[in-house]
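**Q** Contents of data_10.cif (mmCIF, C-alpha atoms; chains and numbers go by the auth columns) are below:
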data_upload
loop_
_atom_site.group_PDB
_atom_site.id
_atom_site.type_symbol
_atom_site.label_atom_id
_atom_site.label_comp_id
_atom_site.label_asym_id
_atom_site.label_seq_id
_atom_site.Cartn_x
_atom_site.Cartn_y
_atom_site.Cartn_z
_atom_site.B_iso_or_equiv
_atom_site.auth_seq_id
_atom_site.auth_asym_id
ATOM 1 C CA MET A 1 95.515 126.699 92.445 0.00 1 A
ATOM 2 C CA ILE A 2 97.759 129.734 92.694 0.00 2 A
ATOM 3 C CA PHE A 3 98.726 128.803 96.271 0.00 3 A
ATOM 4 C CA LEU A 4 99.871 125.381 95.088 0.00 4 A
ATOM 5 C CA ILE A 5 102.028 127.009 92.420 0.00 5 A
ATOM 6 C CA ILE A 6 103.597 129.351 94.976 0.00 6 A
ATOM 7 C CA LEU A 7 104.217 126.473 97.391 0.00 7 A
ATOM 8 C CA LEU A 8 105.826 124.459 94.598 0.00 8 A
ATOM 9 C CA ALA A 9 108.075 127.421 93.781 0.00 9 A
ATOM 10 C CA LEU A 10 109.062 127.717 97.450 0.00 10 A
ATOM 11 C CA LEU A 11 109.833 124.013 97.605 0.00 11 A
ATOM 12 C CA LEU A 12 111.914 123.983 94.419 0.00 12 A
ATOM 13 C CA ALA A 13 113.774 127.148 95.405 0.00 13 A
ATOM 14 C CA ASN A 14 114.784 125.709 98.776 0.00 14 A
ATOM 15 C CA LEU A 15 115.669 122.158 97.705 0.00 15 A
ATOM 16 C CA PRO A 16 119.234 122.995 96.602 0.00 16 A
ATOM 17 C CA TRP A 17 119.972 124.437 100.039 0.00 17 A
ATOM 18 C CA LEU A 18 118.392 121.581 101.992 0.00 18 A
ATOM 19 C CA THR A 19 119.790 118.546 100.155 0.00 19 A
ATOM 20 C CA ASN A 20 123.361 117.302 99.946 0.00 20 A
ATOM 21 C CA ASP A 21 122.945 115.595 96.564 0.00 21 A
ATOM 22 C CA PHE A 22 123.357 117.489 93.316 0.00 22 A
ATOM 23 C CA LEU A 23 120.043 117.202 91.422 0.00 23 A
ATOM 24 C CA PHE A 24 118.930 114.411 93.809 0.00 24 A
ATOM 25 C CA PHE A 25 121.182 111.692 92.391 0.00 25 A
ATOM 26 C CA LEU A 26 124.812 112.853 92.128 0.00 26 A
ATOM 27 C CA GLN A 27 126.663 112.373 95.393 0.00 27 A
ATOM 28 C CA LYS A 28 129.097 115.191 96.096 0.00 28 A
ATOM 29 C CA PRO A 29 131.333 115.219 99.179 0.00 29 A
ATOM 30 C CA LYS A 30 130.493 118.875 99.822 0.00 30 A
ATOM 31 C CA LYS A 31 128.160 120.938 97.679 0.00 31 A
ATOM 32 C CA ASN A 32 129.567 124.452 97.308 0.00 32 A
ATOM 33 C CA ASN A 33 127.615 127.640 96.630 0.00 33 A
ATOM 34 C CA PHE A 34 128.401 127.565 92.900 0.00 34 A
ATOM 35 C CA LEU A 35 126.719 124.171 92.539 0.00 35 A
ATOM 36 C CA ILE A 36 123.767 125.354 94.610 0.00 36 A
ATOM 37 C CA PHE A 37 123.337 128.411 92.377 0.00 37 A
ATOM 38 C CA PHE A 38 123.629 126.230 89.259 0.00 38 A
ATOM 39 C CA GLU A 39 120.995 123.910 90.707 0.00 39 A
ATOM 40 C CA LEU A 40 118.737 126.905 91.393 0.00 40 A
ATOM 41 C CA ILE A 41 118.991 127.913 87.739 0.00 41 A
ATOM 42 C CA ILE A 42 118.103 124.385 86.609 0.00 42 A
ATOM 43 C CA PHE A 43 115.112 124.246 88.979 0.00 43 A
ATOM 44 C CA TYR A 44 113.987 127.680 87.734 0.00 44 A
ATOM 45 C CA PHE A 45 113.886 126.398 84.149 0.00 45 A
ATOM 46 C CA ILE A 46 112.107 123.192 85.194 0.00 46 A
ATOM 47 C CA PHE A 47 109.517 125.201 87.122 0.00 47 A
ATOM 48 C CA GLY A 48 109.113 127.628 84.203 0.00 48 A
ATOM 49 C CA ALA A 49 108.568 124.776 81.755 0.00 49 A
ATOM 50 C CA PHE A 50 105.950 123.334 84.093 0.00 50 A
ATOM 51 C CA LEU A 51 104.159 126.687 84.252 0.00 51 A
ATOM 52 C CA LEU A 52 104.274 127.058 80.459 0.00 52 A
ATOM 53 C CA PHE A 53 102.689 123.619 80.195 0.00 53 A
ATOM 54 C CA ILE A 54 99.927 124.635 82.627 0.00 54 A
ATOM 55 C CA GLU A 55 99.332 127.874 80.712 0.00 55 A
ATOM 56 C CA LYS A 56 99.099 125.990 77.417 0.00 56 A
ATOM 57 C CA GLN A 57 96.641 123.481 78.879 0.00 57 A
ATOM 58 C CA THR A 58 94.370 126.019 80.573 0.00 58 A
ATOM 59 C CA LEU A 59 94.390 128.927 78.105 0.00 59 A
ATOM 60 C CA GLY A 60 95.149 127.127 74.877 0.00 60 A
ATOM 61 C CA ASN A 61 98.110 129.332 73.984 0.00 61 A
ATOM 62 C CA ILE A 62 101.257 130.755 75.557 0.00 62 A
ATOM 63 C CA HIS A 63 101.540 134.511 75.882 0.00 63 A
ATOM 64 C CA ALA A 64 104.803 136.011 74.689 0.00 64 A
ATOM 65 C CA GLN A 65 106.883 137.654 77.408 0.00 65 A
ATOM 66 C CA GLY A 66 109.871 139.952 77.180 0.00 66 A
ATOM 67 C CA TRP A 67 113.221 139.398 78.834 0.00 67 A
ATOM 68 C CA GLU A 68 112.189 141.628 81.738 0.00 68 A
ATOM 69 C CA PHE A 69 109.545 139.109 82.820 0.00 69 A
ATOM 70 C CA TYR A 70 112.063 136.279 83.004 0.00 70 A
ATOM 71 C CA ILE A 71 114.612 138.356 84.927 0.00 71 A
ATOM 72 C CA ILE A 72 111.989 139.428 87.474 0.00 72 A
ATOM 73 C CA THR A 73 110.668 135.889 87.938 0.00 73 A
ATOM 74 C CA PHE A 74 114.212 134.537 88.336 0.00 74 A
ATOM 75 C CA PHE A 75 114.982 137.045 91.074 0.00 75 A
ATOM 76 C CA LEU A 76 111.649 136.245 92.708 0.00 76 A
ATOM 77 C CA PHE A 77 112.733 132.591 92.637 0.00 77 A
ATOM 78 C CA LEU A 78 115.985 133.647 94.343 0.00 78 A
ATOM 79 C CA VAL A 79 114.011 135.505 97.008 0.00 79 A
ATOM 80 C CA PHE A 80 111.953 132.363 97.559 0.00 80 A
ATOM 81 C CA SER A 81 115.200 130.488 98.260 0.00 81 A
ATOM 82 C CA PHE A 82 116.090 132.827 101.138 0.00 82 A
ATOM 83 C CA PRO A 83 114.849 130.519 103.954 0.00 83 A
ATOM 84 C CA GLY A 84 117.069 127.692 102.685 0.00 84 A
ATOM 85 C CA PHE A 85 120.032 130.064 102.450 0.00 85 A
ATOM 86 C CA ILE A 86 119.495 131.182 106.044 0.00 86 A
ATOM 87 C CA TYR A 87 119.245 127.560 107.201 0.00 87 A
ATOM 88 C CA LYS A 88 122.365 126.343 105.357 0.00 88 A
ATOM 89 C CA VAL A 89 124.716 129.317 105.545 0.00 89 A
ATOM 90 C CA VAL A 90 123.783 131.457 108.520 0.00 90 A
ATOM 91 C CA TRP A 91 122.618 128.854 111.048 0.00 91 A
ATOM 92 C CA LYS A 92 125.324 126.263 110.309 0.00 92 A
#
Would you write the structure of this file as structure tokens?
**A**
Amino acid sequence: MIFLIILLALLLANLPWLTNDFLFFLQKPKKNNFLIFFELIIFYFIFGAFLLFIEKQTLGNIHAQGWEFYIITFFLFLVFSFPGFIYKVVWK
């Protein structure tokens, strides 16, 4: 189960770099880095909401976390997006 969660995080973190559409449905002539970063933030919150739902369903309650937890997980999400960054920015 944990491997599926990590693979989903890798997929969601790299989607903004690999697609040309903003949030899959808004056609932009050229997606700049600001829009990609904004899309990463949106996908981080979507993924976090999904994980909170899974935690609520499996454990019955949601454990309270401090701001440090969310900052660390956001930067981990950014590290997961590194392969997409290399593909879009460095190789092209």
**Q** Excluding same-chain residues fewer than 5 positions from A:Lys31, what lies within 8 Å of it counting only C-alpha atoms, as a PyMOL selection string?
**A** chain A and resi 20-22+36
**Q** Restricting the calculation to all atoms listed in the file: of A:Ser81, A:Asn14, A:Asn33, A:Thr73, which residue gets closest to A:Gly48?
**A**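 That would be A:Thr73, the residue with the smallest distance to A:Gly48.
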**Q** With distances taken over all atoms listed in the file, which of A:Ile6, A:Leu40, A:Ala13, A:Ile46 is nearest to A:Phe80?
**A**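 The answer is A:Ala13, which sits nearest to A:Phe80.
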**Q** Of the candidates A:Trp17, A:Phe45, A:Phe3, A:Phe34, which shows the shortest atom-to-atom distance to A:Pro83, using only C-alpha atoms?
**A** A:Trp17
**Q** Please indicate the distance in Å from atom CA of A:Trp91 to atom CA of A:Phe75, rounded to one decimal place.
**A**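 Between these atoms lies a distance of 22.9 Å.
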**Q** Evaluated on this file, the PyMOL selection byres ((chain A and resi 43) around 12) picks out some residues - which ones are they, written as number ranges by chain?
**A** A: 8-16, 22-24, 36-42, 44-50, 74, 77-78, 81
**Q** Please report the interatomic distance between atom CA of A:Val79 and atom CA of A:His63 in Å with one decimal.
**A** 24.6 Å
**Q** Which one is closest to A:Leu18: A:Gln57, A:Phe85, A:Leu52, A:Lys92? Count all atoms listed in the file.
**A**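 With all atoms listed in the file as the atom set, the closest residue is A:Phe85.
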**Q** For the atom pair atom CA of A:Ile62 and atom CA of A:Met1, what is the interatomic distance in Å to one decimal place?
**A**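 So the answer is 18.3 Å.
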**Q** Box along x, y and z, 3 Å on every side, all listed atoms of stretch 25-38 of chain A inside: centre and edge lengths in Å to one decimal, as JSON.
**A**
{"center_x": 126.3, "center_y": 120.1, "center_z": 94.5, "size_x": 16.2, "size_y": 22.7, "size_z": 16.6}
